[in-house]
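Structure file input-v9.txt with compact mmCIF, C-alpha atoms:
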```
# COMPACT_ATOMS: atom_id res chain seq x y z
CA MET A 1 -3.84 3.08 -8.58
CA GLY A 2 -4.60 1.04 -5.52
CA ALA A 3 -8.36 0.84 -6.24
CA VAL A 4 -8.30 -2.96 -6.00
CA ARG A 5 -5.96 -4.83 -3.67
CA VAL A 6 -4.12 -7.78 -5.24
CA PRO A 7 -2.03 -9.23 -2.39
CA HIS A 8 -1.64 -12.79 -3.73
CA LYS A 9 2.02 -12.56 -4.77
CA PRO A 10 3.14 -10.54 -1.72
CA LEU A 11 1.49 -13.08 0.58
CA LEU A 12 3.13 -15.99 -1.24
CA LEU A 13 6.49 -14.22 -1.03
CA LEU A 14 6.09 -13.48 2.68
CA TRP A 15 5.20 -17.13 3.28
CA LEU A 16 8.28 -18.20 1.31
CA LEU A 17 10.45 -15.82 3.36
CA GLY A 18 9.15 -17.42 6.53
CA ARG A 19 9.85 -20.87 5.12
CA LEU A 20 13.35 -19.82 4.06
CA ALA A 21 14.09 -18.36 7.50
CA ALA A 22 12.90 -21.54 9.21
CA THR A 23 14.41 -24.22 6.96
CA GLY A 24 17.09 -22.56 4.82
CA SER A 25 15.17 -23.40 1.63
CA SER A 26 12.16 -21.94 -0.17
CA ALA A 27 11.52 -25.11 -2.23
CA VAL A 28 7.88 -26.22 -1.96
CA SER A 29 5.36 -28.22 -3.92
CA TYR A 30 2.04 -26.67 -4.83
CA ALA A 31 0.34 -29.44 -2.87
CA ASP A 32 2.10 -28.25 0.30
CA ALA A 33 1.70 -24.54 -0.40
CA GLU A 34 -1.96 -24.50 -1.39
CA GLU A 35 -3.54 -24.69 2.05
CA PRO A 36 -1.33 -22.21 3.96
CA VAL A 37 -1.11 -19.70 1.11
CA GLY A 38 -4.84 -20.02 0.47
CA ARG A 39 -5.47 -19.37 4.15
CA LEU A 40 -3.35 -16.21 4.02
CA ILE A 41 -5.32 -14.95 1.02
CA ASN A 42 -8.52 -15.77 2.88
CA GLN A 43 -7.39 -13.87 5.98
CA PHE A 44 -5.66 -10.86 4.46
CA GLY A 45 -7.06 -10.47 0.94
CA PRO A 46 -10.06 -8.39 -0.16
CA PRO A 47 -13.48 -9.87 0.69
CA ALA A 48 -14.28 -10.81 -2.91
CA GLN A 49 -11.20 -13.05 -3.00
CA ARG A 50 -11.99 -15.04 0.14
CA ALA A 51 -14.67 -17.39 -1.12
CA THR A 52 -12.27 -19.12 -3.52
CA ALA A 53 -9.07 -18.81 -1.52
CA ARG A 54 -7.82 -22.36 -2.20
CA GLN A 55 -8.27 -21.90 -5.93
CA ARG A 56 -6.75 -18.40 -5.76
CA ALA A 57 -3.53 -19.82 -4.32
CA ALA A 58 -2.78 -21.16 -7.80
CA MET A 59 -2.49 -17.65 -9.25
CA PRO A 60 0.64 -16.46 -7.40
CA PHE A 61 2.22 -19.92 -7.61
CA VAL A 62 2.01 -19.78 -11.42
CA HIS A 63 2.54 -16.07 -12.01
CA LEU A 64 5.23 -15.08 -9.51
CA GLU A 65 7.90 -13.28 -11.53
CA ARG A 66 10.37 -15.68 -13.11
CA GLU A 67 13.25 -13.36 -12.18
CA LEU A 68 12.61 -14.65 -8.66
CA TRP A 69 10.81 -17.94 -9.10
CA ASP A 70 11.75 -21.29 -10.64
CA LEU A 71 8.69 -23.48 -11.29
CA ARG A 72 9.04 -27.07 -12.53
CA ASP A 73 7.02 -30.24 -13.02
CA ALA A 74 7.67 -33.69 -11.52
CA ILE A 75 10.45 -34.54 -14.00
CA GLY A 76 12.19 -31.17 -13.75
CA GLY A 77 10.68 -29.48 -16.78
CA LEU A 78 10.32 -25.72 -16.61
CA LEU A 79 6.77 -24.38 -16.30
CA GLY A 80 6.21 -20.92 -17.74
CA PRO A 81 3.84 -18.16 -16.61
CA GLU A 82 1.54 -19.03 -19.53
CA LEU A 83 0.52 -22.19 -17.63
CA PRO A 84 -3.22 -22.10 -16.78
CA GLU A 85 -3.67 -21.21 -13.12
CA ARG A 86 -5.75 -24.30 -12.35
CA ARG A 87 -5.10 -26.06 -9.07
CA ARG A 88 -5.94 -29.49 -10.46
CA LEU A 89 -3.34 -29.08 -13.21
CA LEU A 90 -0.69 -27.98 -10.70
CA LEU A 91 -1.45 -30.98 -8.52
CA ASP A 92 -1.38 -33.38 -11.49
CA LEU A 93 1.98 -31.98 -12.62
CA SER A 94 3.37 -32.21 -9.07
CA ALA A 95 4.45 -28.60 -9.61
CA THR A 96 7.27 -27.44 -7.36
CA GLY A 97 8.61 -23.91 -7.02
CA ARG A 98 11.69 -22.38 -5.47
CA LEU A 99 13.23 -18.94 -5.32
CA HIS A 100 16.32 -18.85 -7.53
CA GLU A 101 19.57 -19.77 -5.79
CA HIS A 102 21.01 -16.26 -6.11
CA VAL A 103 17.85 -14.86 -4.50
CA GLU A 104 18.11 -17.37 -1.64
CA ARG A 105 21.78 -16.46 -1.15
CA LEU A 106 20.87 -12.78 -0.92
CA LEU A 107 18.09 -13.51 1.56
CA ALA A 108 20.36 -15.70 3.71
CA ASP A 109 21.42 -12.41 5.30
CA PRO A 110 18.83 -11.87 8.09
CA ALA A 111 18.91 -8.09 7.65
CA THR A 112 18.21 -8.40 3.92
CA LEU A 113 15.39 -10.88 4.52
CA ALA A 114 13.87 -8.53 7.11
CA ALA A 115 14.17 -5.56 4.73
CA ALA A 116 12.45 -7.55 1.96
CA ALA A 117 9.61 -8.50 4.31
CA ARG A 118 9.23 -4.91 5.48
CA LEU A 119 9.09 -3.63 1.90
CA LEU A 120 6.32 -6.10 1.01
CA LEU A 121 4.36 -5.21 4.14
CA ASP A 122 4.74 -1.45 3.65
CA ARG A 123 3.70 -1.56 0.00
CA HIS A 124 0.71 -3.87 0.24
CA PHE A 125 -0.72 -3.77 3.76
CA THR A 126 -1.12 -1.46 6.74
CA SER A 127 0.89 -1.15 9.92
CA ALA A 128 -1.70 -2.87 12.13
CA LEU A 129 -1.52 -5.98 9.93
CA ALA A 130 2.29 -6.22 9.79
CA PRO A 131 2.81 -8.13 13.07
CA VAL A 132 -0.25 -10.30 12.45
CA ILE A 133 0.97 -11.36 9.00
CA CYS A 134 4.53 -11.89 10.23
CA ASP A 135 3.24 -14.13 12.98
CA ALA A 136 1.15 -16.08 10.48
CA VAL A 137 4.15 -16.73 8.18
CA GLY A 138 6.71 -17.26 10.94
CA LEU A 139 8.76 -14.08 10.49
CA ASP A 140 10.29 -12.10 13.35
CA VAL A 141 9.11 -8.50 13.02
CA ALA A 142 11.91 -7.38 15.35
CA MET A 143 14.69 -8.54 13.02
CA PRO A 144 17.18 -5.68 12.33
CA VAL A 145 17.34 -4.16 8.88
CA GLU A 146 20.54 -2.14 9.31
CA GLY A 147 23.27 -3.17 6.94
CA SER A 148 20.90 -4.81 4.50
CA ARG A 149 22.28 -5.44 1.03
CA LEU A 150 18.78 -5.03 -0.40
CA ALA A 151 18.55 -2.03 -2.70
CA VAL A 152 16.51 0.79 -1.23
CA VAL A 153 13.22 1.27 -3.07
CA SER A 154 11.36 4.51 -2.52
CA ARG A 155 7.85 4.42 -1.09
CA ARG A 156 5.27 7.04 -0.35
CA ARG A 157 6.14 9.12 2.68
CA ARG A 158 3.46 9.68 5.28
CA SER A 159 2.65 13.27 6.05
CA ALA A 160 4.13 14.24 9.41
CA ALA A 161 1.17 16.57 9.94
CA PHE A 162 -1.54 13.95 9.28
CA THR A 163 -1.56 12.44 12.78
CA GLU A 164 -1.74 15.79 14.57
CA GLN A 165 -4.42 17.14 12.21
CA VAL A 166 -6.68 14.13 12.59
CA LEU A 167 -6.30 13.90 16.36
CA ARG A 168 -6.94 17.62 16.73
CA VAL A 169 -10.16 17.68 14.68
CA TYR A 170 -11.51 14.74 16.69
CA ALA A 171 -10.50 16.35 20.01
CA TYR A 172 -7.91 13.64 20.75
CA SER A 173 -10.64 11.07 21.39
CA CYS A 174 -11.73 7.87 19.65
CA ALA A 175 -14.46 8.54 17.08
CA ALA A 176 -15.85 5.04 17.75
CA CYS A 177 -15.98 4.78 21.54
CA GLY A 178 -14.94 8.17 22.91
CA PHE A 179 -11.77 6.94 24.67
CA ASP A 180 -9.60 9.96 25.49
CA GLY A 181 -6.92 8.68 27.89
CA ARG A 182 -4.00 10.90 28.81
CA ILE A 183 -0.85 10.86 30.88
CA GLY A 184 -0.84 14.42 32.11
CA PRO A 185 -1.31 16.52 28.97
CA ILE A 186 -0.18 13.75 26.60
CA PRO A 187 -2.86 11.63 24.86
CA VAL A 188 -2.23 7.88 25.02
CA GLY A 189 -3.78 5.05 23.04
CA VAL A 190 -5.47 7.30 20.47
CA GLU A 191 -4.17 7.10 16.90
CA ALA A 192 -4.81 8.61 13.47
CA ALA A 193 -6.21 5.89 11.20
CA HIS A 194 -6.37 5.94 7.42
CA VAL A 195 -9.74 4.66 6.18
CA ARG A 196 -8.29 3.95 2.75
CA TRP A 197 -4.88 2.49 3.54
CA HIS A 198 -1.86 4.69 2.96
CA SER A 199 -0.16 1.79 1.15
CA GLN A 200 -3.11 1.70 -1.27
CA HIS A 201 -2.83 5.38 -2.18
CA GLY A 202 -5.03 6.66 0.60
CA PRO A 203 -4.39 10.40 0.98
CA ASP A 204 -2.91 11.95 4.11
CA ASP A 205 -5.82 14.30 4.70
CA VAL A 206 -8.60 14.63 7.26
CA SER A 207 -11.28 13.37 4.85
CA ASN A 208 -9.48 9.99 4.88
CA GLY A 209 -8.73 10.00 8.60
CA LEU A 210 -10.30 9.03 11.90
CA ALA A 211 -9.04 9.35 15.43
CA LEU A 212 -9.42 5.87 16.92
CA CYS A 213 -8.20 4.15 20.05
CA SER A 214 -5.55 1.49 19.43
CA LEU A 215 -8.10 -1.33 19.63
CA HIS A 216 -10.60 0.14 17.22
CA HIS A 217 -7.84 1.23 14.81
CA THR A 218 -6.65 -2.37 14.67
CA LEU A 219 -10.20 -3.69 14.23
CA LEU A 220 -10.81 -1.24 11.36
CA ASP A 221 -7.61 -2.35 9.61
CA LEU A 222 -8.47 -6.03 10.14
CA GLY A 223 -11.93 -5.57 8.66
CA VAL A 224 -13.77 -6.36 11.90
CA LEU A 225 -15.14 -2.81 11.92
CA GLY A 226 -16.55 -1.12 8.85
CA LEU A 227 -18.35 2.10 8.00
CA THR A 228 -21.67 2.78 6.31
CA PRO A 229 -22.16 5.62 3.81
CA ASP A 230 -23.98 7.60 6.52
CA ARG A 231 -20.87 7.16 8.71
CA ARG A 232 -22.15 4.64 11.20
CA LEU A 233 -20.10 1.72 12.45
CA LYS A 234 -20.77 -1.84 11.46
CA VAL A 235 -19.33 -5.05 12.88
CA SER A 236 -18.41 -8.06 10.76
CA GLU A 237 -20.69 -11.04 11.26
CA LEU A 238 -17.52 -13.14 11.20
CA TYR A 239 -16.37 -11.55 14.46
CA ILE A 240 -16.77 -13.79 17.52
CA ALA A 241 -16.21 -12.99 21.19
CA GLN A 242 -17.28 -14.65 24.43
CA ALA A 243 -15.84 -12.47 27.22
CA PRO A 244 -17.65 -9.22 28.08
CA ALA A 245 -14.71 -7.06 26.93
CA GLY A 246 -14.71 -8.72 23.52
CA ARG A 247 -18.50 -8.69 23.24
CA ALA A 248 -18.46 -4.92 23.79
CA VAL A 249 -17.44 -4.64 20.13
CA TYR A 250 -20.91 -5.87 19.13
CA ASP A 251 -22.39 -2.79 20.79
CA LEU A 252 -20.62 -0.56 18.27
CA ALA A 253 -22.88 -1.75 15.43
CA GLY A 254 -25.07 1.11 14.25
CA ARG A 255 -23.32 3.71 16.41
CA PRO A 256 -22.60 6.97 14.56
CA LEU A 257 -19.02 8.14 14.37
CA ALA A 258 -18.18 11.18 16.41
CA SER A 259 -18.22 14.31 14.28
CA PRO A 260 -15.06 16.30 13.62
CA ARG A 261 -14.77 19.91 14.73
CA PRO A 262 -17.09 22.36 12.94
CA GLY A 263 -15.76 23.31 9.55
CA GLU A 264 -13.66 20.14 9.18
CA PRO A 265 -14.58 17.50 6.56
CA LEU A 266 -16.35 14.26 7.36
CA VAL A 267 -14.81 11.00 6.15
CA ASP A 268 -15.28 10.92 2.37
CA VAL A 269 -17.77 8.31 1.15
CA GLU A 270 -15.30 7.33 -1.58
CA HIS A 271 -12.85 6.13 1.08
CA ILE A 272 -15.61 4.39 3.03
CA THR A 273 -16.62 2.52 -0.15
CA TRP A 274 -13.01 1.46 -0.77
CA HIS A 275 -12.70 0.09 2.77
CA ASP A 276 -16.03 -1.72 2.49
CA ARG A 277 -15.01 -3.46 -0.74
CA GLN A 278 -11.34 -4.08 0.00
CA VAL A 279 -11.07 -4.64 3.77
CA PHE A 280 -14.34 -5.22 5.62
CA ARG A 281 -14.88 -8.92 6.33
CA SER A 282 -18.34 -9.61 5.04
CA ASP A 283 -19.76 -13.10 5.37
CA ALA A 284 -21.33 -12.59 1.95
CA ALA A 285 -17.87 -12.76 0.30
```
Go ahead and express the file in the form of structure tokens.
Amino acid sequence: MGAVRVPHKPLLLLWLLGRLAATGSSAVSYADAEEPVGRLINQFGPPAQRATARQRAAMPFVHLERELWDLRDAIGGLLGPELPERRRLLLDLSATGRLHEHVERLLADPATLAAAARLLLDRHFTSALAPVICDAVGLDVAMPVEGSRLAVVSRRRRSAAFTEQVLRVYAYSCAACGFDGRIGPIPVGVEAAHVRWHSQHGPDDVSNGLALCSLHHTLLDLGVLGLTPDRRLKVSELYIAQAPAGRAVYDLAGRPLASPRPGEPLVDVEHITWHDRQVFRSDAA
């Protein structure tokens, strides 16, 4: 489970939630949805899915579950999930989709809409991406979820010990740059990162963890930073920076990760391979 990320439907749903919050309606033609949804897939999907992002936008538009989604042609005829997921066909049919009215009524409650967004983000992405995706789709990440009428769905709990274990074995310093800031005895700005995302069944153990400063944790989760099988850092060729602080990221390329304490496991190559295939932003995709 979780070997291959398939975020097409969650991204379409998050975009629809943003549209619903802004306009009061989720109704949209494929012609209007293709570019923004394709862009989301391009930005937040696995590398192999980026080259054909516009075409990939057709997949969630056709196959979103019909318990949620009403898809019709120009004259109001229902379109079923057996419809070929071809963008040209959707454009020719003037296909238009909308969340069912009872779903829209449920999501009219801001707390329920926020809870639905949080569930999608928690199950399919990682915490560093949540505010970035919410900003891209026009959702307020600070919306309250208390009192939501959305049914609670269980999700994997993070190990409370994971953060402390990972920080301890890397001496409370960033394995990429060595940052080890503190306020008195308390470390600040150093976090425990999952190499294989927790939401994608990445284990809560040291062999899947790195201590990273907040910046390099975010860059790892965004696919700007990657790892080689010999545990050196690599920097996406898609990354661009002009100011000296931003250009300092280029200097990380080829740098070996700091080693954990003696006797502790290195990052497992299996998790490095997953990140390379599912997250790292390669220009070869």
Exercise for the section: Could you tell me how far atom CA of A:His201 lies from atom CA of A:Leu222, in Å and to one decimal? Expected result: 17.7 Å
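Going from atom CA of A:Val235 to atom CA of A:Val206 covers 23.1 Å.
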Problem - Who sits within 8 Å of stretch 164-169 of chain A, all atoms listed in the file, same chain under 6 positions skipped, as a PyMOL selection string - result: chain A and resi 190-192+205-206+209-211+260-261+264
List the spatial neighbours of A:Arg86 as a PDB file with C-alpha atoms, keeping the file's coordinate frame - criterion: any atom at most 12 Å away, all atoms listed in the file, same-chain residues fewer than 2 positions off excluded.
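Final file, result13.pdb:
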```pdb
ATOM      1  CA  TYR A  30       2.040 -26.670  -4.830  1.00  0.00           C
ATOM      2  CA  GLU A  34      -1.960 -24.500  -1.390  1.00  0.00           C
ATOM      3  CA  ARG A  54      -7.820 -22.360  -2.200  1.00  0.00           C
ATOM      4  CA  GLN A  55      -8.270 -21.900  -5.930  1.00  0.00           C
ATOM      5  CA  ARG A  56      -6.750 -18.400  -5.760  1.00  0.00           C
ATOM      6  CA  ALA A  57      -3.530 -19.820  -4.320  1.00  0.00           C
ATOM      7  CA  ALA A  58      -2.780 -21.160  -7.800  1.00  0.00           C
ATOM      8  CA  MET A  59      -2.490 -17.650  -9.250  1.00  0.00           C
ATOM      9  CA  PRO A  60       0.640 -16.460  -7.400  1.00  0.00           C
ATOM     10  CA  PHE A  61       2.220 -19.920  -7.610  1.00  0.00           C
ATOM     11  CA  VAL A  62       2.010 -19.780 -11.420  1.00  0.00           C
ATOM     12  CA  HIS A  63       2.540 -16.070 -12.010  1.00  0.00           C
ATOM     13  CA  GLU A  82       1.540 -19.030 -19.530  1.00  0.00           C
ATOM     14  CA  LEU A  83       0.520 -22.190 -17.630  1.00  0.00           C
ATOM     15  CA  PRO A  84      -3.220 -22.100 -16.780  1.00  0.00           C
ATOM     16  CA  ARG A  88      -5.940 -29.490 -10.460  1.00  0.00           C
ATOM     17  CA  LEU A  89      -3.340 -29.080 -13.210  1.00  0.00           C
ATOM     18  CA  LEU A  90      -0.690 -27.980 -10.700  1.00  0.00           C
ATOM     19  CA  LEU A  91      -1.450 -30.980  -8.520  1.00  0.00           C
ATOM     20  CA  ASP A  92      -1.380 -33.380 -11.490  1.00  0.00           C
ATOM     21  CA  LEU A  93       1.980 -31.980 -12.620  1.00  0.00           C
ATOM     22  CA  ALA A  95       4.450 -28.600  -9.610  1.00  0.00           C
TER      23      ALA A  95
END
```
Exercise for the section: Compare A:Ile183, A:Leu107, A:Leu11, A:Ala128 by their minimum atom-to-atom distance to A:Phe44, counting only C-alpha atoms, and give me the closest one. Expected result: A:Leu11
Handout entry: Residues near A:Asp73, cut-off 7 Å, all atoms listed in the file, skip fewer than 3 positions along chain, as an MDAnalysis selection string
Key = chainID A and resid 76:79 93:96
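With all atoms listed in the file as the atoms that count, the residue of A:Ala258, A:Leu120, A:Ala115, A:Ile75 with the shortest distance to A:Leu12 is A:Leu120.
Atom to atom, atom CA of A:Pro7 and atom CA of A:Glu85 stand 16.2 Å apart.
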Practice task
Determine, counting all atoms listed in the file, which protein, DNA and RNA residues have an atom within 12 Å of an atom of A:Ile133; residues of the same chain fewer than 2 positions away are not included. Present the result as a ChimeraX atom specification.
Solution key: /A:7,10-15,17-18,37,39-41,43-45,117-118,120-122,124-131,135-141,222
